[in-house]
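To start, the structure under review is shown below, and the notes come after it.
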Protein chains: 2
Amino acid sequence: MTNQRLSCGLDLCCAVNLNDCLIYASESRYEFICVSLVHPLFKREFISGPAKNRPGPLTRPDLVLSSSGINSLSFHFGLSGVTLKLKNGINKNVNLARIISDKITNNNCTFQVWIQVPMENPIRQTYSYRTEDYSEDENPWEWWNSFRVICDYNKKLGVSLIVSHDLPEEEEVDRWLGEPVRCLILPTTLFLTNKKGYPVLSKAHQALVRRFAMQEVQFILTGASRYQSISYYHNYLDYLWKGCQNDGTVEKFARGYEDYLQCPLQPLMDNLESQTYEIFEKDPVKYREYQSAIYEAINAIVYKMQEERTIVIMVVGAGRGPLVTASLNAAKMAYREVKVYAVEKNPNAIITLQALQRDMWKEKVTVISCDMREWNPPEKADIIVSELLGSFGDNELSPECLDNVLKFLRDDGINIPQSYTSYIAPMQSSKLYNEVRQLRDKDKHPLAHFETLYVVHLQNKYDIANPKPLFTFKHPNPDALADNSRYETKTFQVEQNCVLHGFSGYFTAILYENITLSIEPSTYSSDMFSWFPIFFPLKEPVQLKAGDEIVVHFWRRCGSKKVWYEWCLSKPVPVSIHNTTGRSSVIGL
Amino acid sequence: MTNQRLSCGLDLCCAVNLNDCLIYASESRYEFICVSLVHPLFKREFISGPAKNRPGPLTRPDLVLSSSGINSLSFHFGLSGVTLKLKNGINKNVNLARIISDKITNNNCTFQVWIQVPMENPIRQTYSYRTEDYSEDENPWEWWNSFRVICDYNKKLGVSLIVSHDLPEEEEVDRWLGEPVRCLILPTTLFLTNKKGYPVLSKAHQALVRRFAMQEVQFILTGASRYQSISYYHNYLDYLWKGCQNDGTVEKFARGYEDYLQCPLQPLMDNLESQTYEIFEKDPVKYREYQSAIYEAINAIVYKMQEERTIVIMVVGAGRGPLVTASLNAAKMAYREVKVYAVEKNPNAIITLQALQRDMWKEKVTVISCDMREWNPPEKADIIVSELLGSFGDNELSPECLDNVLKFLRDDGINIPQSYTSYIAPMQSSKLYNEVRQLRDKDKHPLAHFETLYVVHLQNKYDIANPKPLFTFKHPNPDALADNSRYETKTFQVEQNCVLHGFSGYFTAILYENITLSIEPSTYSSDMFSWFPIFFPLKEPVQLKAGDEIVVHFWRRCGSKKVWYEWCLSKPVPVSIHNTTGRSSVIGL
């Protein structure tokens, strides 16, 4: 979620009098300050002088600031975080990592630790012409990656990214988007002066800020002011920040759900609540596309029709009726009489359907209060319409439901959707790894939370490779023997060193011919918000090297009462089968 | 532990009548048989013929054998295991692994699965002259390694190693010793004929059998007999097996403790039991070496002595008196009068000491019932003797105890031991990984069992590299300020692809000058059995490649009431700090 307001701190390299500093920063509009924990007078003494053997801590005494002073200035003026800078690779920082880990593992630890990491290796920047001397180890992302692994992905650990003059490759910036970047550190030297004499950022740096604005990022301004007032920088950032606020349909709908793990709906086992129907009925895209598909299907049926008759449409899983409405609208557009059966198993939704039938739809619609799998219809259908798709396509058991229903379809009948395909892609997201990890339930299998799929509005992530199609289902099923179990192996190439935390999942559906719905990023149906992606976690992060191949195996397995997924890796390292025998998560039939 | 009796099965490639087969094998002295699950008549039919679509399993019916027939022949004739052969790398076997995993994950599964793996890649054997075509992936150990990882190290999964004519490199055989090898499969073609006309194995193959005899390995004979009776092979193996039984001092003492995890003693917090003292007093080496060290120390003291006086020896932590006896013996050998203080905190041991003093030692010994850390002695000592060492040297807090005591030592006095050093080495052992894993306690930290050190008689393991010294403690401590905390980084080279499951730990001690005790393998004090090695687990196995560097970090951390270890990896991949803040295991002061 983008913050509604900019939060930018001021880094004060030499803060002698804290009160003066606070007043200065506050009057210049900054929301917080960064100062050395050790008073400047003690700093040199502590590092090399007599203080080295003096017992006790050497920070500023508590009494420098009155607590009313702290509270009256800003919430952020309390000590909410400690920050320190990584200057080299892990082998020189393991003991530092241990000390930090030690402090923040303690449950009483109230502060965050922001690790300052330069976007570009300073040594590489200096010697950029000598590229042969540059090894992967020297990329500061590696410094951070090892550091946080050693600290066991502690949630109190975040990144303060020091923005460089020359920005790294796009792909490297992408990788940072999969990290817990809490803050961008902007040196004043980054700023250019515009025609009016005020500080502005280059187009490239503006784009960078815009990318991180999707996450809850703060800023720190560091370095000497080159303008009459240091507040000019804040003014500019404030202006830039406001322009970053994204108020698209999906963003509005999804606000507050960023990276929030939800369990997929189980509409077969549970009855959906009225509120759930209400939300999804508001989707501005889905029913429009369904209506177009039904319209095209009616025309196709009419075209092939031997004798004039009323077209029969069955809406299976009618909910509160949006697809019934879409069917009637489509028929009207096609100047055709239709007879619609609205089949629904949820007794609460049935009441709404019956009311709509009595007051609006009249004799055109017959409401059937029945589970579609048990229904015995009086006639066959020209068109069967359903909206049984989950975020991963088949994961709400559309294939199993439709297998039962399609025997009511005429030989030349049309099922909407005609087919759907799930997609997977390897993903880095330390945020989601941590979110899953904390769902551990000691009364369940120790890996249960890692063997469950989640619905999640993915934000704080890096896509390691593009999605690939996984399982496809067609209706009517062209196979002699309907078998909805699947096993597929997919291979992905790794472009740069990164970490695999799991797989994102999507679907595309062909409603009818070229009318489709998609949440797969490259073909996304704009403004549609009915589905967030799926996340399949891995029990342990897998460190990847540029050039590695990820080979992942996915199974869709079917029992008489349940369906479940299993997944594992065979490359670059083998990783055991997740959710074997469906021990941790199943979808009930 | 070596089996007292040989267990060798007979592989019957075509078993039509099971009863006949059982009688044949039993009369030829074989302990079990291996037959195809599918009756030979059905086999072809099942793979390609009409049975393909026939419902139900195609194994032999239950009624082929009467259960009395099964029981009267051998315990092994029940279906105790299923075996199948790996013929290629994991990418072709992931679905097979899933199916196997599925069956054996079920708690009701009563049988083991033995995966047959050839020692040498059959393709490599054929094309041995074309080495450039040979990739690491083709080593059958890789096939097995990926297979069992995919099956999540299931304990029911074992290896049946198909012994090859040309044996692989020693190092490759070593690696198999870190795997759950349940069985060696011996083709009859391996056997040579001796002068008397009977089958024997080559010297190299005998050596191989001897190496696996340390583990509970069984055999399967496969292939056509080339002798008058198939029993000749069994007779030879029986003879060979008997010659493999190792009855050394340590082996006798350790029998039954192979790879059994024990928690280290905490003699400071707990009082040892009489039985514990009794066992350790029987060590044939330890007290002999202590006595020699005391003897040399007495001579050194005498040599530097300014004036004739009685030498004062303090035995701190005297237990039931073995070091008191060693001191008195050493003094007798040196023709010197000594005064011995026997300091012991355990009130039960004190009773024994007092009885020994009254009946044997008389006025030469003064028994002090006191914790050595609180004792206030009436005079200073020439020699302080203690046996406070654990398997990892300092892990029973010898440094902390002796820091307190050494103020009683004369300036020119001698502490025995003078110094000790812990050692660590990277280790592969799927057995120990599994043993640790099953110690999970849902009321503790989820990693608690992986963040504990164990005492264990290591057997089923592969040493990835030789041990390196870690922490050294000297007494008297030459440092101005005694600080027993430590931080060390050790680097190990990986010679071949393998899996890191943790680190073995050992110690060496210099009792006095060149009189030492050691459980570090290269300098092991023969026949000494007082200490088994230490095992530091890792929470997740780390897949290693030939040429990798392992960089491990170990801390010894000291609080006012406890001491603990922390450890982590920074290479080849970072692995988080184990036992951070001592959250899972500490040694109480």
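Just so we're on the same page: first chain in the structure tokens is A, next is B, and so on; residues restart at 1 for each chain, and ligands are numbered from 1 in the order they show up.
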Extract, using only C-alpha atoms, all DNA, RNA and protein residues at most 9 Å from Arg556 in chain A, discarding same-chain residues fewer than 2 positions from it, and format them as an NGL selection string.
-> :A and (471 or 484-488 or 554 or 558 or 563-566)
Same residues, N, CA and C atoms, output as an mmCIF file, in the first residue's frame:
data_model
loop_
_atom_site.group_PDB
_atom_site.id
_atom_site.type_symbol
_atom_site.label_atom_id
_atom_site.label_comp_id
_atom_site.auth_asym_id
_atom_site.auth_seq_id
_atom_site.Cartn_x
_atom_site.Cartn_y
_atom_site.Cartn_z
ATOM 1 N N PHE A 471 -1.670 -26.594 -15.945
ATOM 2 C CA PHE A 471 -2.745 -27.577 -16.176
ATOM 3 C C PHE A 471 -3.856 -26.945 -17.018
ATOM 4 N N ASN A 484 -9.204 -35.976 -14.069
ATOM 5 C CA ASN A 484 -8.803 -34.617 -13.732
ATOM 6 C C ASN A 484 -7.512 -34.554 -12.938
ATOM 7 N N SER A 485 -6.857 -35.711 -12.739
ATOM 8 C CA SER A 485 -5.549 -35.657 -12.098
ATOM 9 C C SER A 485 -4.522 -35.240 -13.148
ATOM 10 N N ARG A 486 -3.461 -34.578 -12.691
ATOM 11 C CA ARG A 486 -2.461 -34.031 -13.597
ATOM 12 C C ARG A 486 -1.072 -34.179 -12.982
ATOM 13 N N TYR A 487 -0.082 -34.256 -13.848
ATOM 14 C CA TYR A 487 1.315 -34.170 -13.409
ATOM 15 C C TYR A 487 2.092 -33.439 -14.481
ATOM 16 N N GLU A 488 2.719 -32.326 -14.115
ATOM 17 C CA GLU A 488 3.496 -31.547 -15.080
ATOM 18 C C GLU A 488 4.823 -31.118 -14.471
ATOM 19 N N PHE A 554 4.586 -30.351 -10.436
ATOM 20 C CA PHE A 554 3.283 -30.104 -9.805
ATOM 21 C C PHE A 554 2.334 -31.256 -10.117
ATOM 22 N N CYS A 558 -6.540 -36.456 -7.202
ATOM 23 C CA CYS A 558 -7.979 -36.550 -6.988
ATOM 24 C C CYS A 558 -8.333 -37.793 -6.181
ATOM 25 N N VAL A 563 -9.615 -33.116 -3.487
ATOM 26 C CA VAL A 563 -8.623 -32.865 -4.529
ATOM 27 C C VAL A 563 -7.515 -32.076 -3.853
ATOM 28 N N TRP A 564 -6.278 -32.323 -4.247
ATOM 29 C CA TRP A 564 -5.195 -31.516 -3.655
ATOM 30 C C TRP A 564 -4.027 -31.424 -4.621
ATOM 31 N N TYR A 565 -3.131 -30.460 -4.304
ATOM 32 C CA TYR A 565 -1.913 -30.281 -5.082
ATOM 33 C C TYR A 565 -0.715 -30.778 -4.291
ATOM 34 N N GLU A 566 0.264 -31.296 -5.012
ATOM 35 C CA GLU A 566 1.566 -31.583 -4.421
ATOM 36 C C GLU A 566 2.599 -30.906 -5.309
#
Would you mind listing what lies within 10 Å of Lys545 in chain A as a short mmCIF file (atom, residue, chain, number, x, y, z; two decimals) with N, CA, C and O atoms, in the first residue's frame, with only C-alpha atoms counted and same-chain residues fewer than 4 positions away left out?
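selection-v6.cif written:
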data_model
loop_
_atom_site.label_atom_id
_atom_site.label_comp_id
_atom_site.auth_asym_id
_atom_site.auth_seq_id
_atom_site.Cartn_x
_atom_site.Cartn_y
_atom_site.Cartn_z
N GLU A 136 30.63 -11.80 -8.44
CA GLU A 136 29.25 -11.74 -7.98
C GLU A 136 29.16 -11.41 -6.49
O GLU A 136 28.23 -10.77 -6.03
N VAL A 494 17.19 -19.06 -14.58
CA VAL A 494 17.47 -18.02 -13.60
C VAL A 494 18.45 -17.02 -14.21
O VAL A 494 19.53 -17.40 -14.66
N GLU A 495 18.07 -15.73 -14.21
CA GLU A 495 18.88 -14.71 -14.88
C GLU A 495 19.97 -14.13 -13.99
O GLU A 495 21.00 -13.71 -14.45
N GLN A 496 19.67 -14.04 -12.69
CA GLN A 496 20.66 -13.45 -11.77
C GLN A 496 20.51 -14.15 -10.42
O GLN A 496 19.50 -14.77 -10.13
N ASN A 497 21.56 -14.04 -9.60
CA ASN A 497 21.50 -14.63 -8.27
C ASN A 497 20.28 -14.09 -7.53
O ASN A 497 20.01 -12.88 -7.57
N CYS A 498 19.54 -14.96 -6.91
CA CYS A 498 18.37 -14.53 -6.16
C CYS A 498 17.93 -15.69 -5.26
O CYS A 498 18.64 -16.67 -5.11
N VAL A 499 16.76 -15.54 -4.64
CA VAL A 499 16.28 -16.56 -3.71
C VAL A 499 14.88 -16.99 -4.12
O VAL A 499 14.02 -16.15 -4.39
N GLU A 549 18.96 -23.70 -13.48
CA GLU A 549 17.64 -24.08 -13.96
C GLU A 549 16.78 -24.48 -12.77
O GLU A 549 17.22 -25.25 -11.93
N PRO A 572 17.44 -26.45 -9.01
CA PRO A 572 18.86 -26.76 -8.99
C PRO A 572 19.25 -27.68 -7.84
O PRO A 572 20.30 -28.30 -7.89
#
Do you know which residues are at most 7 Å from range 347-355 of chain A counting only C-alpha atoms, after dropping those on the same chain fewer than 2 positions away, and could you put them as a PyMOL selection string?
-> chain A and resi 319-321+344-345+357-359+367+369
From the list A:Ala326, A:Ile115, A:Val573, A:Leu184, which residue is nearest chain B when using only C-alpha atoms?
-> A:Val573
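Residues of range 190-233 of chain A assigned to alpha helix (DSSP H) by DSSP on this structure's backbone: Lys203, Ala204, His205, Gln206, Ala207, Leu208, Val209, Arg210, Arg211, Phe212, Ser231, Tyr232 and Tyr233 of chain A.
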Pull out every residue of chain A sitting within 10 Å of chain B, counting only C-alpha atoms, and send them as a PyMOL selection string.
-> chain A and resi 89-91+93-95+97-99+101-103+105-106+145-153+440-446+487-489+540+542-544+551-555+566-578+580-583
Can you list, as an NGL selection string, every protein, DNA or RNA residue that comes within 12 Å of Val385 in chain A when you count only C-alpha atoms, leaving out same-chain residues fewer than 3 positions away?
-> :A and (287 or 290-291 or 293-295 or 297-298 or 312-318 or 321-327 or 340-343 or 372 or 381-382 or 388-389 or 398 or 402 or 405-406 or 409 or 413-418 or 475 or 511-512)
Filtering to C-alpha atoms, could you give me those residues as a PDB file, in the first residue's frame?
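Result saved to again39.pdb:
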ATOM      1  CA  TYR A 287     -19.822 -10.153 -16.215  1.00  0.00           C
ATOM      2  CA  TYR A 290     -19.464 -13.393 -19.731  1.00  0.00           C
ATOM      3  CA  GLN A 291     -22.318 -11.533 -21.385  1.00  0.00           C
ATOM      4  CA  ALA A 293     -19.439 -14.840 -24.537  1.00  0.00           C
ATOM      5  CA  ILE A 294     -23.065 -15.871 -24.038  1.00  0.00           C
ATOM      6  CA  TYR A 295     -24.104 -13.537 -26.854  1.00  0.00           C
ATOM      7  CA  ALA A 297     -22.583 -18.582 -28.112  1.00  0.00           C
ATOM      8  CA  ILE A 298     -26.273 -17.849 -28.762  1.00  0.00           C
ATOM      9  CA  VAL A 312     -31.994 -23.417 -23.209  1.00  0.00           C
ATOM     10  CA  ILE A 313     -29.305 -21.916 -20.964  1.00  0.00           C
ATOM     11  CA  MET A 314     -28.365 -23.474 -17.657  1.00  0.00           C
ATOM     12  CA  VAL A 315     -26.513 -21.321 -15.154  1.00  0.00           C
ATOM     13  CA  VAL A 316     -24.944 -23.797 -12.736  1.00  0.00           C
ATOM     14  CA  GLY A 317     -23.869 -22.171  -9.508  1.00  0.00           C
ATOM     15  CA  ALA A 318     -26.045 -19.124 -10.095  1.00  0.00           C
ATOM     16  CA  GLY A 321     -27.982 -14.212 -10.272  1.00  0.00           C
ATOM     17  CA  PRO A 322     -25.390 -12.097 -12.130  1.00  0.00           C
ATOM     18  CA  LEU A 323     -24.911 -14.744 -14.830  1.00  0.00           C
ATOM     19  CA  VAL A 324     -28.697 -15.101 -15.178  1.00  0.00           C
ATOM     20  CA  THR A 325     -28.881 -11.370 -15.814  1.00  0.00           C
ATOM     21  CA  ALA A 326     -25.954 -11.632 -18.254  1.00  0.00           C
ATOM     22  CA  SER A 327     -27.757 -14.474 -20.094  1.00  0.00           C
ATOM     23  CA  VAL A 340     -32.794 -20.052 -18.303  1.00  0.00           C
ATOM     24  CA  TYR A 341     -32.370 -22.558 -15.493  1.00  0.00           C
ATOM     25  CA  ALA A 342     -30.645 -21.049 -12.449  1.00  0.00           C
ATOM     26  CA  VAL A 343     -29.190 -23.881 -10.375  1.00  0.00           C
ATOM     27  CA  MET A 372     -25.585 -29.136  -9.615  1.00  0.00           C
ATOM     28  CA  ALA A 381     -29.079 -27.410 -22.544  1.00  0.00           C
ATOM     29  CA  ASP A 382     -27.712 -25.498 -25.527  1.00  0.00           C
ATOM     30  CA  LEU A 388     -16.535 -21.885 -10.749  1.00  0.00           C
ATOM     31  CA  LEU A 389     -12.983 -20.739 -11.371  1.00  0.00           C
ATOM     32  CA  SER A 398     -14.657 -26.581 -11.557  1.00  0.00           C
ATOM     33  CA  LEU A 402     -18.636 -29.738 -14.713  1.00  0.00           C
ATOM     34  CA  VAL A 405     -23.120 -31.430 -15.384  1.00  0.00           C
ATOM     35  CA  LEU A 406     -21.998 -31.748 -18.969  1.00  0.00           C
ATOM     36  CA  LEU A 409     -25.387 -30.489 -22.573  1.00  0.00           C
ATOM     37  CA  GLY A 413     -23.959 -27.453 -27.018  1.00  0.00           C
ATOM     38  CA  ILE A 414     -21.471 -24.944 -25.661  1.00  0.00           C
ATOM     39  CA  ASN A 415     -19.969 -24.752 -22.221  1.00  0.00           C
ATOM     40  CA  ILE A 416     -18.877 -21.361 -20.947  1.00  0.00           C
ATOM     41  CA  PRO A 417     -15.990 -21.381 -20.076  1.00  0.00           C
ATOM     42  CA  GLN A 418     -14.722 -23.624 -22.835  1.00  0.00           C
ATOM     43  CA  HIS A 475     -15.282 -28.563 -21.389  1.00  0.00           C
ATOM     44  CA  LEU A 511     -15.060 -18.177 -22.047  1.00  0.00           C
ATOM     45  CA  TYR A 512     -15.987 -18.580 -25.700  1.00  0.00           C
TER      46      TYR A 512
END
Among range 205-375 of chain B, which ones does DSSP place in strand (DSSP E or B), written as a PyMOL selection string?
-> chain B and resi 218-222+258+262+311-316+338-344+365-369
With N, CA and C atoms retained, write the just-selected residues as a PDB file, in the first residue's frame.
ATOM      1  N   GLN B 218      22.684 -56.201   5.315  1.00  0.00           N
ATOM      2  CA  GLN B 218      22.335 -57.553   4.907  1.00  0.00           C
ATOM      3  C   GLN B 218      22.851 -57.764   3.481  1.00  0.00           C
ATOM      4  N   PHE B 219      22.674 -58.973   2.968  1.00  0.00           N
ATOM      5  CA  PHE B 219      23.162 -59.266   1.616  1.00  0.00           C
ATOM      6  C   PHE B 219      22.057 -59.889   0.788  1.00  0.00           C
ATOM      7  N   ILE B 220      22.176 -59.707  -0.514  1.00  0.00           N
ATOM      8  CA  ILE B 220      21.317 -60.446  -1.437  1.00  0.00           C
ATOM      9  C   ILE B 220      22.224 -61.025  -2.517  1.00  0.00           C
ATOM     10  N   LEU B 221      22.100 -62.320  -2.724  1.00  0.00           N
ATOM     11  CA  LEU B 221      22.845 -62.962  -3.804  1.00  0.00           C
ATOM     12  C   LEU B 221      21.941 -63.014  -5.025  1.00  0.00           C
ATOM     13  N   THR B 222      22.494 -62.591  -6.155  1.00  0.00           N
ATOM     14  CA  THR B 222      21.669 -62.581  -7.364  1.00  0.00           C
ATOM     15  C   THR B 222      22.430 -63.203  -8.534  1.00  0.00           C
ATOM     16  N   GLU B 258      25.680 -47.311  18.734  1.00  0.00           N
ATOM     17  CA  GLU B 258      26.030 -46.777  17.426  1.00  0.00           C
ATOM     18  C   GLU B 258      24.970 -45.761  16.968  1.00  0.00           C
ATOM     19  N   GLN B 262      22.806 -38.938  22.514  1.00  0.00           N
ATOM     20  CA  GLN B 262      22.713 -38.727  23.956  1.00  0.00           C
ATOM     21  C   GLN B 262      22.916 -37.243  24.238  1.00  0.00           C
ATOM     22  N   ILE B 311      55.057 -32.165  48.414  1.00  0.00           N
ATOM     23  CA  ILE B 311      54.348 -31.613  47.256  1.00  0.00           C
ATOM     24  C   ILE B 311      52.838 -31.691  47.495  1.00  0.00           C
ATOM     25  N   VAL B 312      52.168 -30.588  47.214  1.00  0.00           N
ATOM     26  CA  VAL B 312      50.715 -30.544  47.430  1.00  0.00           C
ATOM     27  C   VAL B 312      49.998 -30.724  46.089  1.00  0.00           C
ATOM     28  N   ILE B 313      49.141 -31.717  46.054  1.00  0.00           N
ATOM     29  CA  ILE B 313      48.335 -31.972  44.856  1.00  0.00           C
ATOM     30  C   ILE B 313      46.868 -31.781  45.213  1.00  0.00           C
ATOM     31  N   MET B 314      46.176 -31.011  44.395  1.00  0.00           N
ATOM     32  CA  MET B 314      44.724 -30.884  44.596  1.00  0.00           C
ATOM     33  C   MET B 314      44.007 -31.547  43.433  1.00  0.00           C
ATOM     34  N   VAL B 315      43.147 -32.505  43.795  1.00  0.00           N
ATOM     35  CA  VAL B 315      42.301 -33.127  42.775  1.00  0.00           C
ATOM     36  C   VAL B 315      40.939 -32.450  42.874  1.00  0.00           C
ATOM     37  N   VAL B 316      40.616 -31.632  41.884  1.00  0.00           N
ATOM     38  CA  VAL B 316      39.344 -30.888  41.961  1.00  0.00           C
ATOM     39  C   VAL B 316      38.307 -31.581  41.080  1.00  0.00           C
ATOM     40  N   VAL B 338      53.611 -36.927  49.085  1.00  0.00           N
ATOM     41  CA  VAL B 338      52.684 -35.898  48.605  1.00  0.00           C
ATOM     42  C   VAL B 338      51.536 -35.741  49.587  1.00  0.00           C
ATOM     43  N   LYS B 339      50.937 -34.568  49.534  1.00  0.00           N
ATOM     44  CA  LYS B 339      49.715 -34.332  50.296  1.00  0.00           C
ATOM     45  C   LYS B 339      48.627 -34.069  49.258  1.00  0.00           C
ATOM     46  N   VAL B 340      47.579 -34.859  49.321  1.00  0.00           N
ATOM     47  CA  VAL B 340      46.540 -34.743  48.293  1.00  0.00           C
ATOM     48  C   VAL B 340      45.248 -34.201  48.908  1.00  0.00           C
ATOM     49  N   TYR B 341      44.697 -33.148  48.290  1.00  0.00           N
ATOM     50  CA  TYR B 341      43.350 -32.699  48.643  1.00  0.00           C
ATOM     51  C   TYR B 341      42.386 -33.260  47.587  1.00  0.00           C
ATOM     52  N   ALA B 342      41.334 -33.905  48.042  1.00  0.00           N
ATOM     53  CA  ALA B 342      40.326 -34.435  47.120  1.00  0.00           C
ATOM     54  C   ALA B 342      39.054 -33.610  47.291  1.00  0.00           C
ATOM     55  N   VAL B 343      38.800 -32.723  46.319  1.00  0.00           N
ATOM     56  CA  VAL B 343      37.659 -31.794  46.423  1.00  0.00           C
ATOM     57  C   VAL B 343      36.524 -32.321  45.545  1.00  0.00           C
ATOM     58  N   GLU B 344      35.345 -32.437  46.144  1.00  0.00           N
ATOM     59  CA  GLU B 344      34.214 -32.984  45.380  1.00  0.00           C
ATOM     60  C   GLU B 344      32.923 -32.358  45.889  1.00  0.00           C
ATOM     61  N   VAL B 365      45.680 -38.128  52.320  1.00  0.00           N
ATOM     62  CA  VAL B 365      44.599 -37.488  51.572  1.00  0.00           C
ATOM     63  C   VAL B 365      43.646 -36.748  52.503  1.00  0.00           C
ATOM     64  N   THR B 366      43.263 -35.537  52.098  1.00  0.00           N
ATOM     65  CA  THR B 366      42.237 -34.781  52.820  1.00  0.00           C
ATOM     66  C   THR B 366      41.024 -34.651  51.899  1.00  0.00           C
ATOM     67  N   VAL B 367      39.899 -35.136  52.370  1.00  0.00           N
ATOM     68  CA  VAL B 367      38.686 -35.074  51.561  1.00  0.00           C
ATOM     69  C   VAL B 367      37.935 -33.782  51.891  1.00  0.00           C
ATOM     70  N   ILE B 368      37.618 -32.998  50.850  1.00  0.00           N
ATOM     71  CA  ILE B 368      36.925 -31.715  51.032  1.00  0.00           C
ATOM     72  C   ILE B 368      35.567 -31.802  50.336  1.00  0.00           C
ATOM     73  N   SER B 369      34.493 -31.682  51.110  1.00  0.00           N
ATOM     74  CA  SER B 369      33.141 -31.744  50.551  1.00  0.00           C
ATOM     75  C   SER B 369      32.702 -30.331  50.194  1.00  0.00           C
TER      76      SER B 369
END
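Ranking B:Ser202, B:Asn434, B:Thr249, B:Asn329 by their shortest atom-to-atom distance to Lys364 in chain B, with only C-alpha atoms included, puts B:Asn329 first.
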Name the closest residue to Leu167 in chain A among the candidates A:Glu138, A:Val181, A:Arg210, A:Pro118; distances are taken between atoms, counting only C-alpha atoms.
-> A:Pro118
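Each of B:Asp20, B:Glu251, B:Asp463, B:Asp174 was checked against Gln428 in chain B using only C-alpha atoms; the smallest atom-to-atom distance is that of B:Asp463.
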The distance between CA of Met269 in chain A and CA of Ile519 in chain A is 24.7 Å
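CA of His449 in chain A is found 16.5 Å from CA of Leu265 in chain A.
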